[in-house]
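Structure file start.tsv (TSV, C-alpha atoms) follows.
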```tsv
chain	number	residue	atom	x	y	z
A	6	MET	CA	10.86	1.83	-22.68
A	7	ILE	CA	12.14	1.54	-19.11
A	8	PHE	CA	9.77	3.02	-16.53
A	9	VAL	CA	11.15	4.34	-13.25
A	10	THR	CA	8.95	5.38	-10.30
A	11	VAL	CA	9.63	6.82	-6.83
A	12	GLY	CA	5.99	6.73	-5.66
A	13	SER	CA	3.80	9.69	-4.85
A	14	GLN	CA	4.92	10.67	-1.36
A	15	LEU	CA	8.63	11.43	-1.00
A	16	PRO	CA	11.64	12.38	-3.16
A	17	PHE	CA	14.19	9.67	-3.94
A	18	ASP	CA	17.06	11.36	-5.78
A	19	ARG	CA	19.59	8.64	-4.86
A	20	MET	CA	17.68	6.11	-6.96
A	21	ILE	CA	17.10	8.55	-9.85
A	22	GLN	CA	20.81	9.41	-9.87
A	23	ALA	CA	21.77	5.71	-9.83
A	24	VAL	CA	19.43	5.01	-12.76
A	25	ASP	CA	20.68	8.10	-14.61
A	26	GLU	CA	24.30	7.00	-14.19
A	27	VAL	CA	23.58	3.43	-15.24
A	28	ALA	CA	21.33	4.50	-18.16
A	29	PRO	CA	24.12	4.54	-20.83
A	30	LEU	CA	24.24	0.72	-20.39
A	31	LEU	CA	20.71	0.51	-21.73
A	32	GLN	CA	21.75	0.74	-25.38
A	33	GLY	CA	19.59	3.71	-26.28
A	34	LYS	CA	16.37	2.42	-24.71
A	35	GLU	CA	14.15	5.29	-23.60
A	36	VAL	CA	14.00	5.80	-19.82
A	37	ILE	CA	10.99	7.64	-18.35
A	38	ALA	CA	11.06	8.41	-14.63
A	39	GLN	CA	8.16	9.54	-12.45
A	40	VAL	CA	9.86	11.71	-9.84
A	41	PHE	CA	8.81	13.70	-6.78
A	42	GLY	CA	10.43	16.85	-5.37
A	43	MET	CA	13.66	16.17	-7.30
A	44	LYS	CA	16.73	18.39	-6.90
A	45	TYR	CA	19.09	16.22	-8.96
A	46	GLN	CA	19.49	17.12	-12.65
A	47	PRO	CA	19.40	13.94	-14.74
A	48	LYS	CA	21.41	13.79	-17.97
A	49	ASN	CA	20.27	10.57	-19.59
A	50	ILE	CA	16.65	10.10	-18.63
A	51	LYS	CA	13.30	11.84	-19.11
A	52	THR	CA	11.34	12.77	-15.99
A	53	LEU	CA	7.67	13.44	-15.16
A	54	ASP	CA	6.52	15.07	-11.92
A	55	TYR	CA	3.14	13.44	-11.53
A	56	ILE	CA	1.27	10.58	-13.14
A	57	ALA	CA	-2.44	10.06	-12.45
A	58	PRO	CA	-3.22	6.55	-11.12
A	59	LYS	CA	-5.07	5.63	-14.34
A	60	ASP	CA	-2.08	6.60	-16.52
A	61	PHE	CA	0.35	4.87	-14.19
A	62	ARG	CA	-0.94	1.48	-15.30
A	63	SER	CA	-0.43	2.24	-18.98
A	64	TYR	CA	3.19	3.29	-18.33
A	65	VAL	CA	3.77	0.02	-16.47
A	66	GLU	CA	2.03	-1.94	-19.23
A	67	SER	CA	4.11	-0.43	-22.02
A	68	ALA	CA	7.43	-0.70	-20.16
A	69	GLU	CA	9.80	-3.63	-20.75
A	70	LEU	CA	11.40	-3.10	-17.34
A	71	ILE	CA	10.21	-1.26	-14.23
A	72	ILE	CA	12.65	0.18	-11.70
A	73	SER	CA	10.90	1.30	-8.52
A	74	HIS	CA	11.29	2.28	-4.90
A	75	ALA	CA	10.14	-0.64	-2.74
A	76	GLY	CA	6.54	0.55	-2.35
A	77	THR	CA	3.93	-2.19	-1.99
A	78	GLY	CA	1.58	-0.43	-4.42
A	79	THR	CA	4.06	-0.65	-7.28
A	80	ILE	CA	5.33	-4.12	-6.38
A	81	LEU	CA	1.75	-5.47	-6.38
A	82	SER	CA	0.69	-3.78	-9.64
A	83	VAL	CA	3.82	-4.89	-11.47
A	84	ALA	CA	3.69	-8.45	-10.12
A	85	GLN	CA	0.09	-8.72	-11.31
A	86	LEU	CA	1.21	-7.76	-14.83
A	87	GLN	CA	4.19	-10.16	-14.75
A	88	LYS	CA	6.73	-7.53	-15.83
A	89	PRO	CA	10.46	-7.59	-15.12
A	90	MET	CA	11.07	-5.31	-12.14
A	91	ILE	CA	13.96	-4.18	-9.98
A	92	VAL	CA	13.14	-2.53	-6.66
A	93	PHE	CA	15.52	-0.14	-4.94
A	94	PRO	CA	14.58	0.23	-1.25
A	95	ARG	CA	14.69	3.57	0.55
A	96	LEU	CA	17.02	3.84	3.53
A	97	GLY	CA	15.84	5.17	6.89
A	98	LYS	CA	19.26	6.47	7.89
A	99	LEU	CA	19.42	8.71	4.78
A	100	LYS	CA	15.93	10.00	5.67
A	101	GLU	CA	14.58	8.62	2.40
A	102	THR	CA	11.62	7.37	4.41
A	103	ARG	CA	10.89	7.48	8.12
A	104	ASN	CA	12.55	4.14	8.93
A	105	ASN	CA	14.06	1.03	7.34
A	106	HIS	CA	10.71	-0.63	6.56
A	107	GLN	CA	11.39	-0.83	2.81
A	108	ILE	CA	14.65	-2.72	3.41
A	109	ASP	CA	12.97	-5.02	5.95
A	110	THR	CA	10.11	-5.75	3.56
A	111	CYS	CA	12.51	-6.47	0.68
A	112	VAL	CA	14.56	-8.90	2.78
A	113	ARG	CA	11.37	-10.74	3.82
A	114	LEU	CA	9.82	-10.72	0.34
A	115	GLU	CA	13.05	-12.05	-1.21
A	116	GLN	CA	12.64	-15.10	1.03
A	117	ILE	CA	9.12	-15.91	-0.14
A	118	THR	CA	9.03	-14.56	-3.74
A	119	ARG	CA	11.38	-13.93	-6.69
A	120	LEU	CA	11.29	-10.17	-6.11
A	121	GLN	CA	14.48	-8.59	-7.53
A	122	VAL	CA	16.08	-6.13	-5.15
A	123	ALA	CA	19.05	-3.78	-5.73
A	124	TYR	CA	20.30	-2.43	-2.40
A	125	ASP	CA	22.78	-0.03	-4.07
A	126	LYS	CA	23.94	1.29	-7.44
A	127	ALA	CA	26.38	-1.60	-8.07
A	128	GLN	CA	23.58	-4.14	-7.57
A	129	LEU	CA	21.28	-2.09	-9.81
A	130	GLU	CA	23.91	-2.22	-12.54
A	131	GLU	CA	24.24	-6.01	-12.12
A	132	LYS	CA	20.48	-6.56	-12.30
A	133	ILE	CA	20.19	-4.33	-15.38
A	134	LYS	CA	22.90	-6.38	-17.09
A	135	LEU	CA	20.93	-9.52	-16.24
A	136	PHE	CA	17.82	-7.92	-17.73
A	137	LEU	CA	19.69	-7.05	-20.95
A	138	LYS	CA	20.75	-10.69	-21.25
A	139	GLY	CA	17.11	-11.75	-20.70
A	140	GLN	CA	18.07	-13.45	-17.44
A	141	LEU	CA	16.34	-11.27	-14.86
A	142	PRO	CA	13.84	-13.46	-12.96
A	143	VAL	CA	10.26	-12.18	-12.96
A	144	MET	CA	8.30	-12.24	-9.71
A	145	GLU	CA	5.48	-14.78	-9.33
A	146	LYS	CA	2.10	-13.61	-10.60
A	147	VAL	CA	0.07	-12.42	-7.66
A	148	PRO	CA	-3.69	-12.99	-7.74
A	149	ALA	CA	-6.02	-10.01	-8.12
A	150	HIS	CA	-7.09	-10.19	-4.50
A	151	ALA	CA	-5.85	-10.91	-0.99
A	152	SER	CA	-5.35	-14.51	0.12
A	153	ALA	CA	-8.51	-16.55	0.76
A	154	GLN	CA	-7.40	-16.97	4.38
A	155	MET	CA	-7.38	-13.22	4.93
A	156	LEU	CA	-10.67	-12.62	3.09
A	157	ASN	CA	-12.43	-15.38	5.05
A	158	SER	CA	-11.08	-14.11	8.34
A	159	ILE	CA	-12.38	-10.59	7.68
A	160	ARG	CA	-15.73	-11.91	6.40
A	161	ASP	CA	-16.18	-14.01	9.55
A	162	PHE	CA	-15.24	-11.11	11.77
A	163	ILE	CA	-17.71	-8.75	10.11
A	164	GLN	CA	-20.58	-11.21	10.14
A	165	PRO	CA	-20.10	-14.15	12.48
A	166	GLN	CA	-21.83	-17.33	11.32
A	167	ARG	CA	-25.55	-17.22	12.04
A	168	GLN	CA	-25.73	-20.56	13.90
A	169	ASP	CA	-23.49	-19.13	16.62
A	170	ILE	CA	-26.14	-16.68	17.70
A	171	ILE	CA	-29.36	-18.65	17.30
A	172	ALA	CA	-30.49	-19.64	20.77
A	173	VAL	CA	-32.36	-22.88	21.23
A	174	PRO	CA	-35.71	-22.09	22.89
A	175	GLN	CA	-36.02	-23.67	26.31
A	176	LEU	CA	-39.24	-25.60	26.81
B	15	MET	CA	-24.32	-4.05	6.37
B	16	LYS	CA	-22.56	-0.80	5.51
B	17	ILE	CA	-18.80	-1.12	5.21
B	18	LEU	CA	-16.66	2.01	5.05
B	19	ALA	CA	-13.20	1.20	3.67
B	20	VAL	CA	-10.60	3.92	4.26
B	21	ALA	CA	-7.01	4.31	2.99
B	22	SER	CA	-4.46	6.95	2.01
B	23	GLY	CA	-2.94	6.93	-1.45
B	24	GLY	CA	-0.29	4.69	-2.98
B	25	GLY	CA	0.26	1.27	-1.45
B	26	HIS	CA	-2.39	1.79	1.24
B	27	ILE	CA	-5.28	2.01	-1.21
B	28	THR	CA	-3.82	-0.72	-3.43
B	29	GLU	CA	-3.85	-3.04	-0.41
B	30	LEU	CA	-7.37	-1.97	0.59
B	31	LEU	CA	-8.77	-2.67	-2.89
B	32	ARG	CA	-7.41	-6.21	-2.70
B	33	LEU	CA	-9.74	-6.89	0.26
B	34	GLN	CA	-12.85	-6.15	-1.82
B	35	PRO	CA	-14.14	-9.77	-2.09
B	36	ALA	CA	-14.44	-9.86	1.72
B	37	PHE	CA	-17.24	-7.27	1.42
B	38	GLU	CA	-19.05	-8.79	-1.57
B	39	ASP	CA	-22.52	-9.09	-0.07
B	40	GLN	CA	-22.33	-5.80	1.81
B	41	GLU	CA	-22.88	-2.15	0.96
B	42	LEU	CA	-19.33	-0.92	0.33
B	43	ILE	CA	-18.22	2.73	0.49
B	44	TYR	CA	-14.68	4.00	-0.05
B	45	MET	CA	-12.87	6.96	1.49
B	46	SER	CA	-9.39	8.17	0.49
B	47	THR	CA	-7.17	11.23	0.62
B	48	HIS	CA	-7.13	12.20	-3.06
B	49	GLU	CA	-9.84	12.57	-5.72
B	50	SER	CA	-7.63	10.76	-8.23
B	51	PHE	CA	-8.26	7.41	-6.51
B	52	ALA	CA	-11.98	7.59	-7.34
B	53	SER	CA	-11.19	5.84	-10.63
B	54	SER	CA	-9.70	2.89	-8.71
B	55	CYS	CA	-12.93	2.59	-6.66
B	56	LYS	CA	-15.31	2.72	-9.64
B	57	GLY	CA	-18.79	1.40	-8.97
B	58	PHE	CA	-18.79	2.36	-5.30
B	59	PRO	CA	-19.61	5.62	-3.50
B	60	PHE	CA	-16.34	7.48	-2.93
B	61	TYR	CA	-15.50	10.25	-0.45
B	62	THR	CA	-12.30	12.21	0.05
B	63	VAL	CA	-10.84	13.69	3.23
B	64	PRO	CA	-7.66	15.79	3.50
B	65	ASP	CA	-4.42	13.88	4.15
B	66	PHE	CA	-2.19	14.35	7.18
B	67	SER	CA	0.66	12.51	8.88
B	68	ARG	CA	2.39	12.78	12.22
B	69	TRP	CA	4.58	15.49	10.64
B	70	ASN	CA	1.66	17.85	10.11
B	71	ALA	CA	-0.49	16.75	13.01
B	72	PHE	CA	-1.94	20.28	13.39
B	73	LYS	CA	-4.36	19.27	10.62
B	74	ILE	CA	-5.93	16.56	12.78
B	75	PRO	CA	-8.81	18.63	14.27
B	76	MET	CA	-9.86	19.85	10.82
B	77	VAL	CA	-9.72	16.36	9.27
B	78	ALA	CA	-11.45	14.86	12.33
B	79	TRP	CA	-14.33	17.31	11.99
B	80	LYS	CA	-14.74	16.57	8.27
B	81	MET	CA	-14.60	12.85	8.92
B	82	TYR	CA	-17.07	13.06	11.80
B	83	ARG	CA	-19.62	14.82	9.60
B	84	LEU	CA	-19.17	12.26	6.81
B	85	PHE	CA	-19.46	9.39	9.29
B	86	LYS	CA	-22.70	10.85	10.68
B	87	LYS	CA	-24.05	10.89	7.12
B	88	ILE	CA	-22.72	7.46	6.04
B	89	LYS	CA	-23.48	5.64	9.34
B	90	PRO	CA	-21.11	2.71	8.69
B	91	ASP	CA	-21.58	-0.57	10.58
B	92	VAL	CA	-17.96	-1.48	9.96
B	93	VAL	CA	-14.89	0.72	9.36
B	94	VAL	CA	-11.89	-1.03	7.84
B	95	THR	CA	-8.55	0.58	6.95
B	96	THR	CA	-5.07	-0.27	5.66
B	97	GLY	CA	-3.66	3.06	6.93
B	98	ALA	CA	-1.95	5.39	7.14
B	99	ALA	CA	-2.58	8.15	9.77
B	100	PRO	CA	-6.04	9.18	8.42
B	101	GLY	CA	-7.01	5.50	8.77
B	102	VAL	CA	-6.20	5.61	12.51
B	103	LEU	CA	-8.43	8.66	12.89
B	104	ALA	CA	-11.20	6.97	10.89
B	105	LEU	CA	-11.12	3.94	13.19
B	106	PHE	CA	-11.15	6.16	16.25
B	107	ILE	CA	-14.19	8.12	15.04
B	108	GLY	CA	-15.84	4.91	13.90
B	109	ARG	CA	-15.32	3.42	17.33
B	110	LEU	CA	-16.78	6.49	19.04
B	111	LEU	CA	-19.88	6.25	16.86
B	112	GLY	CA	-20.31	2.54	17.53
B	113	SER	CA	-18.96	0.93	14.33
B	114	LYS	CA	-17.00	-2.31	14.35
B	115	THR	CA	-13.39	-1.34	13.54
B	116	ILE	CA	-10.68	-3.28	11.69
B	117	TRP	CA	-7.06	-2.23	11.21
B	118	VAL	CA	-5.07	-4.13	8.56
B	119	GLU	CA	-1.38	-3.45	9.03
B	120	SER	CA	0.33	-2.80	5.69
B	121	LEU	CA	2.45	-5.53	4.06
B	122	CYS	CA	5.43	-3.17	4.27
B	123	HIS	CA	5.65	-3.48	8.05
B	124	ALA	CA	7.59	-6.72	7.99
B	125	GLU	CA	9.91	-6.40	10.99
B	126	LYS	CA	7.75	-4.62	13.54
B	127	VAL	CA	4.20	-3.40	13.94
B	128	SER	CA	3.88	0.28	12.95
B	129	VAL	CA	3.19	3.08	15.41
B	130	SER	CA	-0.28	3.40	13.86
B	131	GLY	CA	-0.86	-0.33	14.32
B	132	LYS	CA	0.13	-0.08	17.98
B	133	MET	CA	-2.25	2.85	18.50
B	134	CYS	CA	-5.11	0.91	16.91
B	135	GLU	CA	-4.34	-2.06	19.13
B	136	LEU	CA	-5.60	0.12	22.00
B	137	PHE	CA	-9.10	0.71	20.65
B	138	ALA	CA	-9.82	-1.18	17.42
B	139	ASP	CA	-11.94	-4.33	17.52
B	140	ARG	CA	-9.51	-6.27	15.34
B	141	VAL	CA	-5.88	-5.66	14.28
B	142	TYR	CA	-4.30	-7.76	11.55
B	143	THR	CA	-0.61	-8.13	10.69
B	144	GLN	CA	0.38	-9.63	7.35
B	145	TRP	CA	3.43	-11.40	8.79
B	146	ALA	CA	3.12	-14.56	10.89
B	147	HIS	CA	6.15	-13.73	13.05
B	148	LEU	CA	4.50	-10.47	14.21
B	149	ALA	CA	1.29	-12.08	15.47
B	150	THR	CA	0.52	-11.73	19.20
B	151	PRO	CA	-2.51	-12.71	21.29
B	152	LYS	CA	-4.03	-9.34	20.29
B	153	ILE	CA	-2.68	-8.99	16.74
B	154	VAL	CA	-4.10	-11.51	14.30
B	155	TYR	CA	-2.24	-13.09	11.39
B	156	ALA	CA	-4.51	-14.61	8.73
B	157	GLY	CA	-2.49	-14.59	5.51
B	158	ASN	CA	-1.69	-11.45	3.55
B	159	ILE	CA	-3.07	-9.27	0.77
B	160	MET	CA	-0.44	-10.50	-1.71
B	161	ILE	CA	-0.37	-14.28	-2.16
```

Can you give me the file's structure in the form of structure tokens?
Amino acid sequence: MIFVTVGSQLPFDRMIQAVDEVAPLLQGKEVIAQVFGMKYQPKNIKTLDYIAPKDFRSYVESAELIISHAGTGTILSVAQLQKPMIVFPRLGKLKETRNNHQIDTCVRLEQITRLQVAYDKAQLEEKIKLFLKGQLPVMEKVPAHASAQMLNSIRDFIQPQRQDIIAVPQL
Amino acid sequence: MKILAVASGGGHITELLRLQPAFEDQELIYMSTHESFASSCKGFPFYTVPDFSRWNAFKIPMVAWKMYRLFKKIKPDVVVTTGAAPGVLALFIGRLLGSKTIWVESLCHAEKVSVSGKMCELFADRVYTQWAHLATPKIVYAGNIMI
């Protein structure tokens, strides 16, 4: 099964349409898409309007490929499970989100991880062909928590080390 | 110490949950904008407040009042948030009531600090960015929530 998700906040018909049009390439594999406020009528894929967070994980777990908008929530959950994933960033100028932050994040993440990004339908088609050949790179496994540097910094800020505040009594 | 961790749905709460080890020895309480995230925060007290964004800002007084009453009850020592708009309000109310306040800018603001982040810079005790190139004397970079 191929799982497609647009996140829980805004519609993203351009991505759903791209997946729907590319779907015949997928050799009969079932495609299930979680959509939001969709006006487009898909022909080749099955859609669901809402998935509870606890069910979301089981869809991701049972999928062989995840195609998603470039939301950090999905990228992090999928990377933790080490699943093949293609992200399709929303464009600010098409009002798919309020600005180009998804594109910016993808460009930056591509530099530091193996995140697979399709910036348009042609690239989505290419990446899907790679996946069918078993050649789509999988993003690095991310740990379950934030980096130690970040956790330590927050911990220190919340509770500064005791010795800093113990005053030496003056005799 | 009582830590109140606040985030909207989706990526915001996913990022917030990844900070959990930083609060290990503290009393941790979560607050989000939808009941369905309670399952992600299992084992901790969980409160919901209505969601709003800058596009339906008329909801702010109502959400602020609900938050204020919850904050009076919870009495957090620290308020920490990964956004979005309700997180800004939570920090503001936290600050008014004397809590230490921490804004963690979301990973998805990779090219510039968000409007919310800039607002929090004005009153929060600590603002983090997750990208080294966005750090300033007032905005701290200390790694990210991903790797």

Using all atoms listed in the file, determine which residues of chain A fall within 9 Å of chain B; present them as number ranges by chain.
A: 12-14, 57-59, 75-82, 106-107, 109-114, 146-160, 162-164

Using only C-alpha atoms, please write the residues we just selected to a file, as a PDB file, in the coordinates of the input.
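New file again-v7.pdb:
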```
ATOM      1  CA  GLY A  12       5.990   6.730  -5.660  1.00  0.00           C
ATOM      2  CA  SER A  13       3.800   9.690  -4.850  1.00  0.00           C
ATOM      3  CA  GLN A  14       4.920  10.670  -1.360  1.00  0.00           C
ATOM      4  CA  ALA A  57      -2.440  10.060 -12.450  1.00  0.00           C
ATOM      5  CA  PRO A  58      -3.220   6.550 -11.120  1.00  0.00           C
ATOM      6  CA  LYS A  59      -5.070   5.630 -14.340  1.00  0.00           C
ATOM      7  CA  ALA A  75      10.140  -0.640  -2.740  1.00  0.00           C
ATOM      8  CA  GLY A  76       6.540   0.550  -2.350  1.00  0.00           C
ATOM      9  CA  THR A  77       3.930  -2.190  -1.990  1.00  0.00           C
ATOM     10  CA  GLY A  78       1.580  -0.430  -4.420  1.00  0.00           C
ATOM     11  CA  THR A  79       4.060  -0.650  -7.280  1.00  0.00           C
ATOM     12  CA  ILE A  80       5.330  -4.120  -6.380  1.00  0.00           C
ATOM     13  CA  LEU A  81       1.750  -5.470  -6.380  1.00  0.00           C
ATOM     14  CA  SER A  82       0.690  -3.780  -9.640  1.00  0.00           C
ATOM     15  CA  HIS A 106      10.710  -0.630   6.560  1.00  0.00           C
ATOM     16  CA  GLN A 107      11.390  -0.830   2.810  1.00  0.00           C
ATOM     17  CA  ASP A 109      12.970  -5.020   5.950  1.00  0.00           C
ATOM     18  CA  THR A 110      10.110  -5.750   3.560  1.00  0.00           C
ATOM     19  CA  CYS A 111      12.510  -6.470   0.680  1.00  0.00           C
ATOM     20  CA  VAL A 112      14.560  -8.900   2.780  1.00  0.00           C
ATOM     21  CA  ARG A 113      11.370 -10.740   3.820  1.00  0.00           C
ATOM     22  CA  LEU A 114       9.820 -10.720   0.340  1.00  0.00           C
ATOM     23  CA  LYS A 146       2.100 -13.610 -10.600  1.00  0.00           C
ATOM     24  CA  VAL A 147       0.070 -12.420  -7.660  1.00  0.00           C
ATOM     25  CA  PRO A 148      -3.690 -12.990  -7.740  1.00  0.00           C
ATOM     26  CA  ALA A 149      -6.020 -10.010  -8.120  1.00  0.00           C
ATOM     27  CA  HIS A 150      -7.090 -10.190  -4.500  1.00  0.00           C
ATOM     28  CA  ALA A 151      -5.850 -10.910  -0.990  1.00  0.00           C
ATOM     29  CA  SER A 152      -5.350 -14.510   0.120  1.00  0.00           C
ATOM     30  CA  ALA A 153      -8.510 -16.550   0.760  1.00  0.00           C
ATOM     31  CA  GLN A 154      -7.400 -16.970   4.380  1.00  0.00           C
ATOM     32  CA  MET A 155      -7.380 -13.220   4.930  1.00  0.00           C
ATOM     33  CA  LEU A 156     -10.670 -12.620   3.090  1.00  0.00           C
ATOM     34  CA  ASN A 157     -12.430 -15.380   5.050  1.00  0.00           C
ATOM     35  CA  SER A 158     -11.080 -14.110   8.340  1.00  0.00           C
ATOM     36  CA  ILE A 159     -12.380 -10.590   7.680  1.00  0.00           C
ATOM     37  CA  ARG A 160     -15.730 -11.910   6.400  1.00  0.00           C
ATOM     38  CA  PHE A 162     -15.240 -11.110  11.770  1.00  0.00           C
ATOM     39  CA  ILE A 163     -17.710  -8.750  10.110  1.00  0.00           C
ATOM     40  CA  GLN A 164     -20.580 -11.210  10.140  1.00  0.00           C
TER      41      GLN A 164
END
```

For atom CA of B:Lys16 and atom CA of B:Glu135, quote the distance in Å rounded to one decimal.
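Rounded to one decimal, the two atoms are 22.8 Å apart.
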
Among the residues A:Ile108, A:Ile21, A:Ala28, A:Leu70, the one that comes closest to A:Val122 [using all atoms listed in the file]
A:Ile108

Do you know which residues lie at most 9 Å from (-14.2, 13.0, 11.3), with coordinates as in the file and only C-alpha atoms counted, and could you write them as an mmCIF file with C-alpha atoms, in the frame of the given file?
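Writing done, so here's out.cif:
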```
data_model
loop_
_atom_site.group_PDB
_atom_site.id
_atom_site.type_symbol
_atom_site.label_atom_id
_atom_site.label_comp_id
_atom_site.auth_asym_id
_atom_site.auth_seq_id
_atom_site.Cartn_x
_atom_site.Cartn_y
_atom_site.Cartn_z
ATOM 1 C CA VAL B 63 -10.840 13.690 3.230
ATOM 2 C CA PRO B 75 -8.810 18.630 14.270
ATOM 3 C CA MET B 76 -9.860 19.850 10.820
ATOM 4 C CA VAL B 77 -9.720 16.360 9.270
ATOM 5 C CA ALA B 78 -11.450 14.860 12.330
ATOM 6 C CA TRP B 79 -14.330 17.310 11.990
ATOM 7 C CA LYS B 80 -14.740 16.570 8.270
ATOM 8 C CA MET B 81 -14.600 12.850 8.920
ATOM 9 C CA TYR B 82 -17.070 13.060 11.800
ATOM 10 C CA ARG B 83 -19.620 14.820 9.600
ATOM 11 C CA LEU B 84 -19.170 12.260 6.810
ATOM 12 C CA PHE B 85 -19.460 9.390 9.290
ATOM 13 C CA LYS B 86 -22.700 10.850 10.680
ATOM 14 C CA LEU B 103 -8.430 8.660 12.890
ATOM 15 C CA ALA B 104 -11.200 6.970 10.890
ATOM 16 C CA PHE B 106 -11.150 6.160 16.250
ATOM 17 C CA ILE B 107 -14.190 8.120 15.040
ATOM 18 C CA GLY B 108 -15.840 4.910 13.900
#
```

Can you tell me how far atom CA of A:Thr102 sits from atom CA of A:Asp18, in Å to one decimal?
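Calculated distance between atom CA of A:Thr102 and atom CA of A:Asp18 is 12.2 Å.
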
Rank A:Glu130, A:Asp54, A:Glu26, A:Asp161 by their smallest atom-to-atom distance to A:Ala38, using only C-alpha atoms, and report the top residue only.
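For A:Ala38, the nearest of the given residues is A:Asp54.
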
Pairwise distance, atom CA of A:Leu86 with atom CA of A:Leu141, equals 15.5 Å

Polymer residues at most 8 Å from (8.0, 13.6, -12.2) by only C-alpha atoms, as a list in words
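Taken together, the residues in range are Ala38, Gln39, Val40, Phe41, Gly42, Met43, Thr52, Leu53, Asp54, Tyr55 and Ile56 of chain A.
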
Save the residues we just selected, C-alpha atoms, as a compact mmCIF listing (two decimals), in the coordinates of the input?
```
# COMPACT_ATOMS: atom_id res chain seq x y z
CA ALA A 38 11.06 8.41 -14.63
CA GLN A 39 8.16 9.54 -12.45
CA VAL A 40 9.86 11.71 -9.84
CA PHE A 41 8.81 13.70 -6.78
CA GLY A 42 10.43 16.85 -5.37
CA MET A 43 13.66 16.17 -7.30
CA THR A 52 11.34 12.77 -15.99
CA LEU A 53 7.67 13.44 -15.16
CA ASP A 54 6.52 15.07 -11.92
CA TYR A 55 3.14 13.44 -11.53
CA ILE A 56 1.27 10.58 -13.14
```

Using all atoms listed in the file, which residue out of B:Pro100, B:Gly112, B:Pro59, B:Pro90 lies closest to B:Ala138?
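Counting all atoms listed in the file, the residue closest to B:Ala138 is B:Gly112.
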
Enclose stretch 125-130 of chain A, meaning all of its atoms listed in the file, in a box aligned along x, y and z, pad it by 5 Å on each side, and list the centre and edge lengths in Å to one decimal, as lines of an AutoDock Vina configuration file.
```
center_x = 23.8
center_y = -1.4
center_z = -8.3
size_x = 15.1
size_y = 15.4
size_z = 18.5
```

Written coordinates, N, CA, C and O atoms of stretch 149-160 of chain A as a PDB file, in the first residue's frame:
```pdb
ATOM      1  N   ALA A 149      14.771   9.043  18.734  1.00  0.00           N
ATOM      2  CA  ALA A 149      13.418   9.284  19.252  1.00  0.00           C
ATOM      3  C   ALA A 149      13.260  10.677  19.845  1.00  0.00           C
ATOM      4  O   ALA A 149      12.142  11.154  20.019  1.00  0.00           O
ATOM      5  N   HIS A 150      14.396  11.313  20.159  1.00  0.00           N
ATOM      6  CA  HIS A 150      14.300  12.612  20.829  1.00  0.00           C
ATOM      7  C   HIS A 150      15.175  13.659  20.154  1.00  0.00           C
ATOM      8  O   HIS A 150      15.962  13.342  19.267  1.00  0.00           O
ATOM      9  N   ALA A 151      15.050  14.892  20.632  1.00  0.00           N
ATOM     10  CA  ALA A 151      15.862  15.994  20.118  1.00  0.00           C
ATOM     11  C   ALA A 151      17.342  15.721  20.387  1.00  0.00           C
ATOM     12  O   ALA A 151      17.689  14.832  21.171  1.00  0.00           O
ATOM     13  N   SER A 152      18.202  16.483  19.749  1.00  0.00           N
ATOM     14  CA  SER A 152      19.645  16.312  19.941  1.00  0.00           C
ATOM     15  C   SER A 152      20.019  16.589  21.396  1.00  0.00           C
ATOM     16  O   SER A 152      19.376  17.394  22.076  1.00  0.00           O
ATOM     17  N   ALA A 153      21.080  15.906  21.861  1.00  0.00           N
ATOM     18  CA  ALA A 153      21.531  16.078  23.250  1.00  0.00           C
ATOM     19  C   ALA A 153      21.867  17.538  23.522  1.00  0.00           C
ATOM     20  O   ALA A 153      21.594  18.071  24.604  1.00  0.00           O
ATOM     21  N   GLN A 154      22.433  18.208  22.514  1.00  0.00           N
ATOM     22  CA  GLN A 154      22.808  19.621  22.669  1.00  0.00           C
ATOM     23  C   GLN A 154      21.593  20.471  23.035  1.00  0.00           C
ATOM     24  O   GLN A 154      21.622  21.293  23.942  1.00  0.00           O
ATOM     25  N   MET A 155      20.494  20.220  22.318  1.00  0.00           N
ATOM     26  CA  MET A 155      19.283  20.999  22.558  1.00  0.00           C
ATOM     27  C   MET A 155      18.696  20.665  23.929  1.00  0.00           C
ATOM     28  O   MET A 155      18.308  21.561  24.688  1.00  0.00           O
ATOM     29  N   LEU A 156      18.622  19.359  24.248  1.00  0.00           N
ATOM     30  CA  LEU A 156      18.045  18.943  25.534  1.00  0.00           C
ATOM     31  C   LEU A 156      18.848  19.517  26.699  1.00  0.00           C
ATOM     32  O   LEU A 156      18.277  20.030  27.666  1.00  0.00           O
ATOM     33  N   ASN A 157      20.183  19.472  26.587  1.00  0.00           N
ATOM     34  CA  ASN A 157      21.025  20.002  27.664  1.00  0.00           C
ATOM     35  C   ASN A 157      20.850  21.500  27.822  1.00  0.00           C
ATOM     36  O   ASN A 157      20.809  22.022  28.932  1.00  0.00           O
ATOM     37  N   SER A 158      20.755  22.184  26.690  1.00  0.00           N
ATOM     38  CA  SER A 158      20.610  23.631  26.732  1.00  0.00           C
ATOM     39  C   SER A 158      19.314  24.016  27.444  1.00  0.00           C
ATOM     40  O   SER A 158      19.305  24.917  28.294  1.00  0.00           O
ATOM     41  N   ILE A 159      18.227  23.312  27.130  1.00  0.00           N
ATOM     42  CA  ILE A 159      16.942  23.622  27.766  1.00  0.00           C
ATOM     43  C   ILE A 159      16.993  23.283  29.253  1.00  0.00           C
ATOM     44  O   ILE A 159      16.570  24.070  30.102  1.00  0.00           O
ATOM     45  N   ARG A 160      17.563  22.107  29.565  1.00  0.00           N
ATOM     46  CA  ARG A 160      17.694  21.676  30.966  1.00  0.00           C
ATOM     47  C   ARG A 160      18.460  22.727  31.778  1.00  0.00           C
ATOM     48  O   ARG A 160      18.043  23.129  32.854  1.00  0.00           O
TER      49      ARG A 160
END
```
